[in-house]
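Take a look at the structure below.
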Amino acid sequence: MTEPRRRAPRRKVNGVLLLDKPTGLTSNSALQRAKRLFEAEKAGHTGTLDPFASGLLPICLGEATKFSQFLLDADKAYRAEIRLGVRTTTADPEGEVIETRPVAVTLEQVHEVLPRFLGEIMQVPPMHSALKRDGRPLYELARQGIEVERAPRAVRVYQIGVELLAGDVLTVVVHCGKGLYVRTLAEDIGAALGCGAYLQALRRLAVGPFRLDEAVGLAELEALDLAERDARLKPETILVADLPRMDLDVDAAWQLCHGQAIWRPGLGVAQRFALFDPAGRFLGVAEVNDDGKLAPRRLLAS
C-alpha cells in the first residue's frame, strides 16, 4: 500500500509576483500553481484574465494581498487581435459563430472609426462575464440560455493605436481604465466598421506601473529553486507607490498600529497615505475619516 502524498509545508512569504500567464489557464489555476511553487500560505491575484488571454497577471503573496485592491482599480494596457467579419455568442473565440459577413475594410476606415471609442464611453457588460445578478454570475445564466438586461456602464479609453491590419485581422493596443471589457470593445469596433467582429486573442501588457517585460512565466519559475523564486518578488510597497508617503514618529506609529486614529493638520477626508515608521519600514495604509483624523485602513501584521 502506497503512502499518501504529503503536501509541501506552507510558509510565510510576502511580496508581489509579476506573472506572464499563458493561454489555456484560468487566472485562478495560474495563481494556484504559483502559490505551490512559492509554498505560500496565502495568495491572491489582482484581476482576472480569461483562459484564452495571456500576459501580465500580478499575484500578491502573504501580506501583499492586503493591498491588492490598489491594482484592481489601476489602468491597464492590452494588445488585442480583432477578427473582422465574424461574430460569436461570447464575442471571443470560446463562443459559437452566429454571423459571418464579407470584409472589405481599409486602414483609413479603421482610423476613421477608432476615435469614437476614446475618452469616456458607455459599455453594456457582456452576458458572458463574472458580474453578478441576484448573487449569480452572468456567465452561469448565459450558459442556461438566459439573457438579462444590463445597464450601460461608463468606462474610459485613453488611447487606441493600430499595430496592423492584415486581411480580416485588426491588431490594436488599448490603454484603458478599470472595468473595460475588451471583448465588447472589439465587437463594437466591428459594428462601427459594418462587418461585425470578435476578440480573437488578447495579451495584457501593463497593469498600473507594471509592464509585461518585467514578468516571469510559469515554466521559468519552475526551473528556479526557492531562493531564486523569492528573488523575483517585489516588495509590498510597490502596490502603494502612487500614494503620498507619511513618515511617523514612534508615538504616532504605535497609535495607528494599535487601531487608533490620529490628528494631523491640513488633511482632507478620504485622503490615503502610505505609512512608514521612524526606521523607514512600511506599516500599511491609512485614510482620513469623516472626523478629519488619519485612521488605519490596511496594516501589515508585523
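Residues are referred to by chain and number: the chain letter is A, B, ... according to the order shown in the C-alpha cells, the number counts from 1 in that chain, and ligands are numbered separately from 1 in the order shown.
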
Worksheet item: Could you pull out all residues of range 122-252 of chain A with a DSSP call of alpha helix (DSSP H) and give them as an NGL selection string?
Response: :A and (138-143 or 182-193 or 218-222 or 226-231 or 250-252)

Worksheet item: Which residues in range 174-290 of chain A does DSSP call strand (DSSP E or B)? List them as a ChimeraX atom specification.
Response: /A:174-176,197-207,210-211,216-217,234,245-247,262-263,272-276,282-288

Worksheet entry | Neighbour list for range 153-166 of chain A as a ChimeraX atom specification, cut-off 7 Å, only C-alpha atoms, skip fewer than 6 positions in-chain | /A:107,117-124,172-177,179-180

Those same residues, written as a PDB file, in the first residue's frame with N, CA and C atoms?
ATOM      1  N   LEU A 107      -7.490  50.575 -43.942  1.00  0.00           N
ATOM      2  CA  LEU A 107      -6.864  51.205 -42.792  1.00  0.00           C
ATOM      3  C   LEU A 107      -7.448  52.592 -42.547  1.00  0.00           C
ATOM      4  N   PHE A 117     -14.259  55.679 -29.883  1.00  0.00           N
ATOM      5  CA  PHE A 117     -14.121  54.868 -28.679  1.00  0.00           C
ATOM      6  C   PHE A 117     -13.087  55.420 -27.706  1.00  0.00           C
ATOM      7  N   LEU A 118     -12.699  56.670 -27.900  1.00  0.00           N
ATOM      8  CA  LEU A 118     -11.746  57.308 -26.989  1.00  0.00           C
ATOM      9  C   LEU A 118     -12.481  58.129 -25.944  1.00  0.00           C
ATOM     10  N   GLY A 119     -11.849  58.312 -24.802  1.00  0.00           N
ATOM     11  CA  GLY A 119     -12.448  59.093 -23.727  1.00  0.00           C
ATOM     12  C   GLY A 119     -13.409  58.237 -22.921  1.00  0.00           C
ATOM     13  N   GLU A 120     -14.365  58.880 -22.289  1.00  0.00           N
ATOM     14  CA  GLU A 120     -15.367  58.147 -21.508  1.00  0.00           C
ATOM     15  C   GLU A 120     -16.447  57.638 -22.444  1.00  0.00           C
ATOM     16  N   ILE A 121     -16.640  56.326 -22.476  1.00  0.00           N
ATOM     17  CA  ILE A 121     -17.645  55.710 -23.332  1.00  0.00           C
ATOM     18  C   ILE A 121     -18.555  54.850 -22.469  1.00  0.00           C
ATOM     19  N   MET A 122     -19.718  54.509 -22.996  1.00  0.00           N
ATOM     20  CA  MET A 122     -20.654  53.641 -22.291  1.00  0.00           C
ATOM     21  C   MET A 122     -20.561  52.235 -22.880  1.00  0.00           C
ATOM     22  N   GLN A 123     -20.462  51.255 -21.996  1.00  0.00           N
ATOM     23  CA  GLN A 123     -20.392  49.857 -22.413  1.00  0.00           C
ATOM     24  C   GLN A 123     -21.472  49.061 -21.709  1.00  0.00           C
ATOM     25  N   VAL A 124     -22.101  48.166 -22.456  1.00  0.00           N
ATOM     26  CA  VAL A 124     -23.008  47.198 -21.856  1.00  0.00           C
ATOM     27  C   VAL A 124     -22.196  45.951 -21.531  1.00  0.00           C
ATOM     28  N   VAL A 172      -4.744  45.952 -32.397  1.00  0.00           N
ATOM     29  CA  VAL A 172      -4.668  47.273 -31.783  1.00  0.00           C
ATOM     30  C   VAL A 172      -4.086  47.145 -30.377  1.00  0.00           C
ATOM     31  N   VAL A 173      -3.519  48.242 -29.881  1.00  0.00           N
ATOM     32  CA  VAL A 173      -3.072  48.339 -28.497  1.00  0.00           C
ATOM     33  C   VAL A 173      -3.980  49.340 -27.797  1.00  0.00           C
ATOM     34  N   VAL A 174      -4.565  48.913 -26.672  1.00  0.00           N
ATOM     35  CA  VAL A 174      -5.558  49.713 -25.957  1.00  0.00           C
ATOM     36  C   VAL A 174      -5.030  50.050 -24.565  1.00  0.00           C
ATOM     37  N   HIS A 175      -5.043  51.337 -24.231  1.00  0.00           N
ATOM     38  CA  HIS A 175      -4.716  51.800 -22.874  1.00  0.00           C
ATOM     39  C   HIS A 175      -6.016  52.299 -22.267  1.00  0.00           C
ATOM     40  N   CYS A 176      -6.439  51.688 -21.164  1.00  0.00           N
ATOM     41  CA  CYS A 176      -7.781  51.962 -20.656  1.00  0.00           C
ATOM     42  C   CYS A 176      -7.803  52.010 -19.135  1.00  0.00           C
ATOM     43  N   GLY A 177      -8.916  52.484 -18.606  1.00  0.00           N
ATOM     44  CA  GLY A 177      -9.150  52.478 -17.173  1.00  0.00           C
ATOM     45  C   GLY A 177      -9.781  51.170 -16.742  1.00  0.00           C
ATOM     46  N   GLY A 179     -12.423  48.301 -15.545  1.00  0.00           N
ATOM     47  CA  GLY A 179     -13.783  47.926 -15.899  1.00  0.00           C
ATOM     48  C   GLY A 179     -14.066  47.790 -17.376  1.00  0.00           C
ATOM     49  N   LEU A 180     -13.083  48.072 -18.246  1.00  0.00           N
ATOM     50  CA  LEU A 180     -13.326  47.949 -19.685  1.00  0.00           C
ATOM     51  C   LEU A 180     -13.333  46.476 -20.082  1.00  0.00           C
TER      52      LEU A 180
END

Worksheet item: What's the 8 Å shell around range 232-234 of chain A, counting only C-alpha atoms, without same-chain residues fewer than 3 positions away, as a list in words?
Response: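 These residues fall inside the cut-off: Gly15, Val16, Leu17, Leu18, Glu228, Arg229 and Ile238 of chain A.
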
Convert the current residue selection to file output with C-alpha atoms, as an mmCIF file, in the first residue's frame.
data_model
loop_
_atom_site.group_PDB
_atom_site.id
_atom_site.type_symbol
_atom_site.label_atom_id
_atom_site.label_comp_id
_atom_site.auth_asym_id
_atom_site.auth_seq_id
_atom_site.Cartn_x
_atom_site.Cartn_y
_atom_site.Cartn_z
ATOM 1 C CA GLY A 15 5.628 40.158 -1.979
ATOM 2 C CA VAL A 16 4.312 40.670 -5.488
ATOM 3 C CA LEU A 17 4.979 38.292 -8.366
ATOM 4 C CA LEU A 18 4.605 39.654 -11.885
ATOM 5 C CA GLU A 228 15.711 32.278 -6.806
ATOM 6 C CA ARG A 229 11.921 32.439 -6.924
ATOM 7 C CA ILE A 238 5.192 48.894 -4.976
#

Discussion item. Can you tell me which residues surround Gly196 in chain A at a distance of at most 8 Å, considering only C-alpha atoms, apart from same-chain residues fewer than 3 positions away, and format the answer as a PyMOL selection string?
Written reply: chain A and resi 84-87+100-101+187-193
